[in-house]
Amino acid sequence: MKKIINSDKAPAPIGPYNHSVMAGDLLFISGQIPFNQAEEKLITSGIQDETTQVMENLKFIIEEAGLTFENVVKATIFIRNMEEFTLINEVYARYFSPATAPARECVQVEKLPRNVNIEISMICHK
Ligand SMILES: C=C(N)C(=O)O
């Protein structure tokens, strides 16, 4: 049995998907891009601002599910430019305790929806 969980605070999906799906004890969160829903604008002011917006969007969805970043067990990061890896990690690290940071992969891709520079998806365990 799956349960769909959407958040009014996260950007509306830009395709045929929901923000997240709870399946058993796992929450699968769709890739988030740096769109600020409250201001209705795409953040383009640099990879650190963009990463922050993505993490805040993920946080809205995680919180809507009644969870926290401590529940995240896996993250997938898609970026346009691997030269920005260190800058992205600096922001990403603010959201996790090093001892319990989730498993992760980070891949450079040629293109992302809306021409953004970063998209992150996550899996949480309740
Ligand atoms: C932005 C997305 N998560 C998508 O297009 O699937």
# chains A, B, ... in the order shown; residues from 1 in each chain; ligands from 1
call {"tool": "select_by_dssp", "arguments": {"residues": "chain A", "states": "strand (DSSP E or B)", "output": "ChimeraX atom specification"}}
result
/A:2-5,20-23,26-32,35-36,41-42,72-79,103-108,118-125
call {"tool": "write_last_selection", "arguments": {"atoms": "N, CA and C atoms", "output": "CSV table (one decimal), in the first residue's frame"}}
result
chain,number,residue,atom,x,y,z
A,2,LYS,N,0.6,2.2,-0.9
A,2,LYS,CA,1.5,3.4,-0.9
A,2,LYS,C,0.6,4.6,-0.6
A,3,LYS,N,1.3,5.6,0.0
A,3,LYS,CA,0.6,6.8,0.4
A,3,LYS,C,1.3,8.0,-0.3
A,4,ILE,N,0.6,8.8,-1.0
A,4,ILE,CA,1.2,10.0,-1.6
A,4,ILE,C,1.2,11.1,-0.6
A,5,ILE,N,2.4,11.8,-0.5
A,5,ILE,CA,2.6,12.9,0.4
A,5,ILE,C,3.1,14.1,-0.4
A,20,SER,N,6.3,12.9,-3.1
A,20,SER,CA,6.8,11.8,-2.4
A,20,SER,C,5.8,10.7,-2.3
A,21,VAL,N,6.3,9.5,-2.1
A,21,VAL,CA,5.5,8.3,-2.0
A,21,VAL,C,6.0,7.5,-0.8
A,22,MET,N,5.1,7.2,0.2
A,22,MET,CA,5.5,6.4,1.3
A,22,MET,C,5.1,5.0,1.0
A,23,ALA,N,6.0,4.1,1.1
A,23,ALA,CA,5.7,2.6,0.8
A,23,ALA,C,6.3,1.9,2.0
A,26,LEU,N,9.3,3.2,4.1
A,26,LEU,CA,10.2,4.0,3.2
A,26,LEU,C,9.5,5.2,2.6
A,27,LEU,N,10.1,6.4,2.5
A,27,LEU,CA,9.6,7.5,1.8
A,27,LEU,C,10.5,7.8,0.7
A,28,PHE,N,9.9,7.8,-0.5
A,28,PHE,CA,10.7,8.1,-1.7
A,28,PHE,C,10.4,9.5,-2.2
A,29,ILE,N,11.4,10.4,-2.2
A,29,ILE,CA,11.1,11.8,-2.5
A,29,ILE,C,11.6,12.1,-3.9
A,30,SER,N,10.7,12.7,-4.7
A,30,SER,CA,11.1,13.0,-6.1
A,30,SER,C,12.2,14.1,-6.1
A,31,GLY,N,13.0,14.1,-7.2
A,31,GLY,CA,14.1,15.0,-7.3
A,31,GLY,C,13.5,16.5,-7.2
A,32,GLN,N,14.2,17.2,-6.3
A,32,GLN,CA,13.8,18.6,-6.2
A,32,GLN,C,14.8,19.6,-6.9
A,35,PHE,N,13.7,25.7,-7.1
A,35,PHE,CA,12.5,26.6,-7.3
A,35,PHE,C,12.0,27.0,-5.9
A,36,ASN,N,11.9,28.3,-5.7
A,36,ASN,CA,11.3,28.8,-4.5
A,36,ASN,C,9.8,29.0,-4.7
A,41,LYS,N,9.8,31.7,-7.9
A,41,LYS,CA,10.9,31.9,-8.8
A,41,LYS,C,12.0,30.9,-8.7
A,42,LEU,N,12.7,30.7,-9.8
A,42,LEU,CA,13.8,29.8,-9.8
A,42,LEU,C,15.0,30.5,-9.3
A,72,VAL,N,16.8,10.4,6.7
A,72,VAL,CA,17.2,10.2,5.3
A,72,VAL,C,18.3,9.0,5.3
A,73,VAL,N,18.1,8.0,4.4
A,73,VAL,CA,19.0,6.9,4.3
A,73,VAL,C,19.8,6.9,3.0
A,74,LYS,N,19.3,7.7,2.0
A,74,LYS,CA,20.0,7.7,0.7
A,74,LYS,C,19.6,9.0,0.0
A,75,ALA,N,20.6,9.6,-0.7
A,75,ALA,CA,20.4,10.8,-1.5
A,75,ALA,C,21.1,10.6,-2.8
A,76,THR,N,20.5,11.1,-3.8
A,76,THR,CA,21.1,11.1,-5.2
A,76,THR,C,21.2,12.6,-5.6
A,77,ILE,N,22.4,13.0,-6.0
A,77,ILE,CA,22.6,14.4,-6.4
A,77,ILE,C,23.0,14.4,-7.9
A,78,PHE,N,22.2,15.1,-8.7
A,78,PHE,CA,22.5,15.3,-10.1
A,78,PHE,C,23.0,16.7,-10.3
A,79,ILE,N,24.2,16.9,-10.9
A,79,ILE,CA,24.7,18.3,-11.1
A,79,ILE,C,25.2,18.5,-12.5
A,103,ALA,N,23.7,7.4,2.9
A,103,ALA,CA,24.4,7.0,1.7
A,103,ALA,C,24.1,7.9,0.6
A,104,ARG,N,25.0,8.0,-0.4
A,104,ARG,CA,24.7,9.0,-1.4
A,104,ARG,C,25.5,8.7,-2.7
A,105,GLU,N,25.0,9.2,-3.8
A,105,GLU,CA,25.8,9.3,-5.0
A,105,GLU,C,25.7,10.6,-5.6
A,106,CYS,N,26.7,11.1,-6.4
A,106,CYS,CA,26.6,12.4,-7.0
A,106,CYS,C,27.1,12.2,-8.4
A,107,VAL,N,26.3,12.6,-9.4
A,107,VAL,CA,26.7,12.4,-10.8
A,107,VAL,C,26.5,13.7,-11.6
A,108,GLN,N,27.4,13.9,-12.5
A,108,GLN,CA,27.3,15.0,-13.4
A,108,GLN,C,26.4,14.6,-14.6
A,118,ILE,N,21.2,21.8,-10.5
A,118,ILE,CA,21.3,20.7,-9.4
A,118,ILE,C,19.8,20.2,-9.2
A,119,GLU,N,19.8,18.9,-9.0
A,119,GLU,CA,18.5,18.3,-8.6
A,119,GLU,C,18.9,17.2,-7.6
A,120,ILE,N,18.2,17.0,-6.5
A,120,ILE,CA,18.5,16.0,-5.5
A,120,ILE,C,17.2,15.2,-5.1
A,121,SER,N,17.3,13.9,-5.1
A,121,SER,CA,16.2,13.1,-4.6
A,121,SER,C,16.7,12.3,-3.4
A,122,MET,N,15.8,11.9,-2.6
A,122,MET,CA,16.1,11.2,-1.3
A,122,MET,C,15.2,10.1,-1.0
A,123,ILE,N,15.7,9.1,-0.2
A,123,ILE,CA,14.9,8.1,0.4
A,123,ILE,C,15.0,8.2,1.9
A,124,CYS,N,13.9,8.1,2.6
A,124,CYS,CA,13.9,8.2,4.1
A,124,CYS,C,13.4,6.8,4.6
A,125,HIS,N,13.8,6.5,5.8
A,125,HIS,CA,13.3,5.4,6.5
A,125,HIS,C,12.6,5.9,7.8
call {"tool": "residues_around", "arguments": {"residues": "Asn81 in chain A", "least_positions_apart": "2", "cutoff": "8 Å", "atoms": "only C-alpha atoms", "output": "list of chain:residue names"}}
result
A:Ile79, A:Glu83, A:Glu84, A:Phe85, A:Gln108, A:Val109, A:Asn117
call {"tool": "atom_distance", "arguments": {"atom1": "CA of Asn89 in chain A", "atom2": "CA of Glu56 in chain A"}}
result
14.9 Å
call {"tool": "closest_residue", "arguments": {"among": "A:Pro113, A:Asp25, A:Phe60, A:Lys126", "to": "ligand 1", "atoms": "only C-alpha atoms and all ligand atoms"}}
result
A:Pro113
call {"tool": "select_by_dssp", "arguments": {"residues": "range 1-73 of chain A", "states": "helix (DSSP H, G or I)", "output": "PyMOL selection string"}}
result
chain A and resi 47-64+69-71
call {"tool": "decode", "arguments": {"residues": "range 67-97 of chain A", "atoms": "N, CA and C atoms", "output": "PDB file, in the first residue's frame"}}
result
ATOM      1  N   LEU A  67       8.777  13.484   9.228  1.00  0.00           N
ATOM      2  CA  LEU A  67      10.136  12.972   9.419  1.00  0.00           C
ATOM      3  C   LEU A  67      11.127  14.137   9.499  1.00  0.00           C
ATOM      4  N   THR A  68      12.413  13.809   9.680  1.00  0.00           N
ATOM      5  CA  THR A  68      13.468  14.825   9.711  1.00  0.00           C
ATOM      6  C   THR A  68      14.625  14.329   8.830  1.00  0.00           C
ATOM      7  N   PHE A  69      15.636  15.164   8.687  1.00  0.00           N
ATOM      8  CA  PHE A  69      16.804  14.749   7.893  1.00  0.00           C
ATOM      9  C   PHE A  69      17.497  13.537   8.520  1.00  0.00           C
ATOM     10  N   GLU A  70      17.264  13.308   9.801  1.00  0.00           N
ATOM     11  CA  GLU A  70      17.845  12.117  10.446  1.00  0.00           C
ATOM     12  C   GLU A  70      17.263  10.833   9.853  1.00  0.00           C
ATOM     13  N   ASN A  71      16.103  10.938   9.230  1.00  0.00           N
ATOM     14  CA  ASN A  71      15.462   9.756   8.617  1.00  0.00           C
ATOM     15  C   ASN A  71      15.967   9.459   7.208  1.00  0.00           C
ATOM     16  N   VAL A  72      16.766  10.357   6.662  1.00  0.00           N
ATOM     17  CA  VAL A  72      17.230  10.156   5.275  1.00  0.00           C
ATOM     18  C   VAL A  72      18.289   9.049   5.259  1.00  0.00           C
ATOM     19  N   VAL A  73      18.069   8.047   4.410  1.00  0.00           N
ATOM     20  CA  VAL A  73      19.030   6.932   4.322  1.00  0.00           C
ATOM     21  C   VAL A  73      19.805   6.944   3.004  1.00  0.00           C
ATOM     22  N   LYS A  74      19.291   7.695   2.012  1.00  0.00           N
ATOM     23  CA  LYS A  74      19.954   7.706   0.709  1.00  0.00           C
ATOM     24  C   LYS A  74      19.643   9.008  -0.016  1.00  0.00           C
ATOM     25  N   ALA A  75      20.641   9.558  -0.653  1.00  0.00           N
ATOM     26  CA  ALA A  75      20.437  10.762  -1.466  1.00  0.00           C
ATOM     27  C   ALA A  75      21.107  10.554  -2.817  1.00  0.00           C
ATOM     28  N   THR A  76      20.502  11.128  -3.843  1.00  0.00           N
ATOM     29  CA  THR A  76      21.106  11.120  -5.176  1.00  0.00           C
ATOM     30  C   THR A  76      21.183  12.563  -5.647  1.00  0.00           C
ATOM     31  N   ILE A  77      22.388  12.975  -6.002  1.00  0.00           N
ATOM     32  CA  ILE A  77      22.607  14.360  -6.437  1.00  0.00           C
ATOM     33  C   ILE A  77      22.981  14.355  -7.916  1.00  0.00           C
ATOM     34  N   PHE A  78      22.240  15.130  -8.676  1.00  0.00           N
ATOM     35  CA  PHE A  78      22.526  15.306 -10.100  1.00  0.00           C
ATOM     36  C   PHE A  78      23.002  16.744 -10.286  1.00  0.00           C
ATOM     37  N   ILE A  79      24.190  16.916 -10.863  1.00  0.00           N
ATOM     38  CA  ILE A  79      24.700  18.272 -11.060  1.00  0.00           C
ATOM     39  C   ILE A  79      25.179  18.457 -12.500  1.00  0.00           C
ATOM     40  N   ARG A  80      25.217  19.694 -12.905  1.00  0.00           N
ATOM     41  CA  ARG A  80      25.665  20.013 -14.270  1.00  0.00           C
ATOM     42  C   ARG A  80      27.167  20.149 -14.349  1.00  0.00           C
ATOM     43  N   ASN A  81      27.808  20.523 -13.222  1.00  0.00           N
ATOM     44  CA  ASN A  81      29.232  20.851 -13.262  1.00  0.00           C
ATOM     45  C   ASN A  81      29.955  20.271 -12.042  1.00  0.00           C
ATOM     46  N   MET A  82      30.750  19.236 -12.266  1.00  0.00           N
ATOM     47  CA  MET A  82      31.438  18.563 -11.161  1.00  0.00           C
ATOM     48  C   MET A  82      32.477  19.472 -10.497  1.00  0.00           C
ATOM     49  N   GLU A  83      32.851  20.555 -11.174  1.00  0.00           N
ATOM     50  CA  GLU A  83      33.779  21.522 -10.548  1.00  0.00           C
ATOM     51  C   GLU A  83      33.139  22.156  -9.312  1.00  0.00           C
ATOM     52  N   GLU A  84      31.825  22.064  -9.205  1.00  0.00           N
ATOM     53  CA  GLU A  84      31.125  22.690  -8.070  1.00  0.00           C
ATOM     54  C   GLU A  84      30.889  21.712  -6.918  1.00  0.00           C
ATOM     55  N   PHE A  85      31.457  20.521  -7.035  1.00  0.00           N
ATOM     56  CA  PHE A  85      31.269  19.448  -6.032  1.00  0.00           C
ATOM     57  C   PHE A  85      31.543  19.927  -4.600  1.00  0.00           C
ATOM     58  N   THR A  86      32.664  20.606  -4.406  1.00  0.00           N
ATOM     59  CA  THR A  86      33.041  21.052  -3.058  1.00  0.00           C
ATOM     60  C   THR A  86      32.048  22.090  -2.519  1.00  0.00           C
ATOM     61  N   LEU A  87      31.666  23.015  -3.369  1.00  0.00           N
ATOM     62  CA  LEU A  87      30.712  24.053  -2.945  1.00  0.00           C
ATOM     63  C   LEU A  87      29.371  23.422  -2.558  1.00  0.00           C
ATOM     64  N   ILE A  88      28.948  22.438  -3.314  1.00  0.00           N
ATOM     65  CA  ILE A  88      27.688  21.743  -3.032  1.00  0.00           C
ATOM     66  C   ILE A  88      27.798  20.988  -1.707  1.00  0.00           C
ATOM     67  N   ASN A  89      28.917  20.308  -1.506  1.00  0.00           N
ATOM     68  CA  ASN A  89      29.104  19.552  -0.259  1.00  0.00           C
ATOM     69  C   ASN A  89      29.065  20.453   0.969  1.00  0.00           C
ATOM     70  N   GLU A  90      29.597  21.656   0.831  1.00  0.00           N
ATOM     71  CA  GLU A  90      29.595  22.587   1.971  1.00  0.00           C
ATOM     72  C   GLU A  90      28.166  22.857   2.435  1.00  0.00           C
ATOM     73  N   VAL A  91      27.276  23.069   1.495  1.00  0.00           N
ATOM     74  CA  VAL A  91      25.871  23.336   1.850  1.00  0.00           C
ATOM     75  C   VAL A  91      25.202  22.055   2.338  1.00  0.00           C
ATOM     76  N   TYR A  92      25.376  20.985   1.587  1.00  0.00           N
ATOM     77  CA  TYR A  92      24.732  19.695   1.905  1.00  0.00           C
ATOM     78  C   TYR A  92      25.076  19.263   3.332  1.00  0.00           C
ATOM     79  N   ALA A  93      26.341  19.439   3.716  1.00  0.00           N
ATOM     80  CA  ALA A  93      26.820  18.970   5.028  1.00  0.00           C
ATOM     81  C   ALA A  93      26.119  19.671   6.187  1.00  0.00           C
ATOM     82  N   ARG A  94      25.581  20.870   5.942  1.00  0.00           N
ATOM     83  CA  ARG A  94      24.887  21.604   7.023  1.00  0.00           C
ATOM     84  C   ARG A  94      23.631  20.876   7.496  1.00  0.00           C
ATOM     85  N   TYR A  95      23.120  19.990   6.679  1.00  0.00           N
ATOM     86  CA  TYR A  95      21.832  19.354   6.978  1.00  0.00           C
ATOM     87  C   TYR A  95      21.965  17.998   7.679  1.00  0.00           C
ATOM     88  N   PHE A  96      23.199  17.508   7.842  1.00  0.00           N
ATOM     89  CA  PHE A  96      23.390  16.174   8.422  1.00  0.00           C
ATOM     90  C   PHE A  96      24.496  16.168   9.469  1.00  0.00           C
ATOM     91  N   SER A  97      24.336  15.288  10.475  1.00  0.00           N
ATOM     92  CA  SER A  97      25.447  15.037  11.386  1.00  0.00           C
ATOM     93  C   SER A  97      26.386  14.090  10.647  1.00  0.00           C
TER      94      SER A  97
END
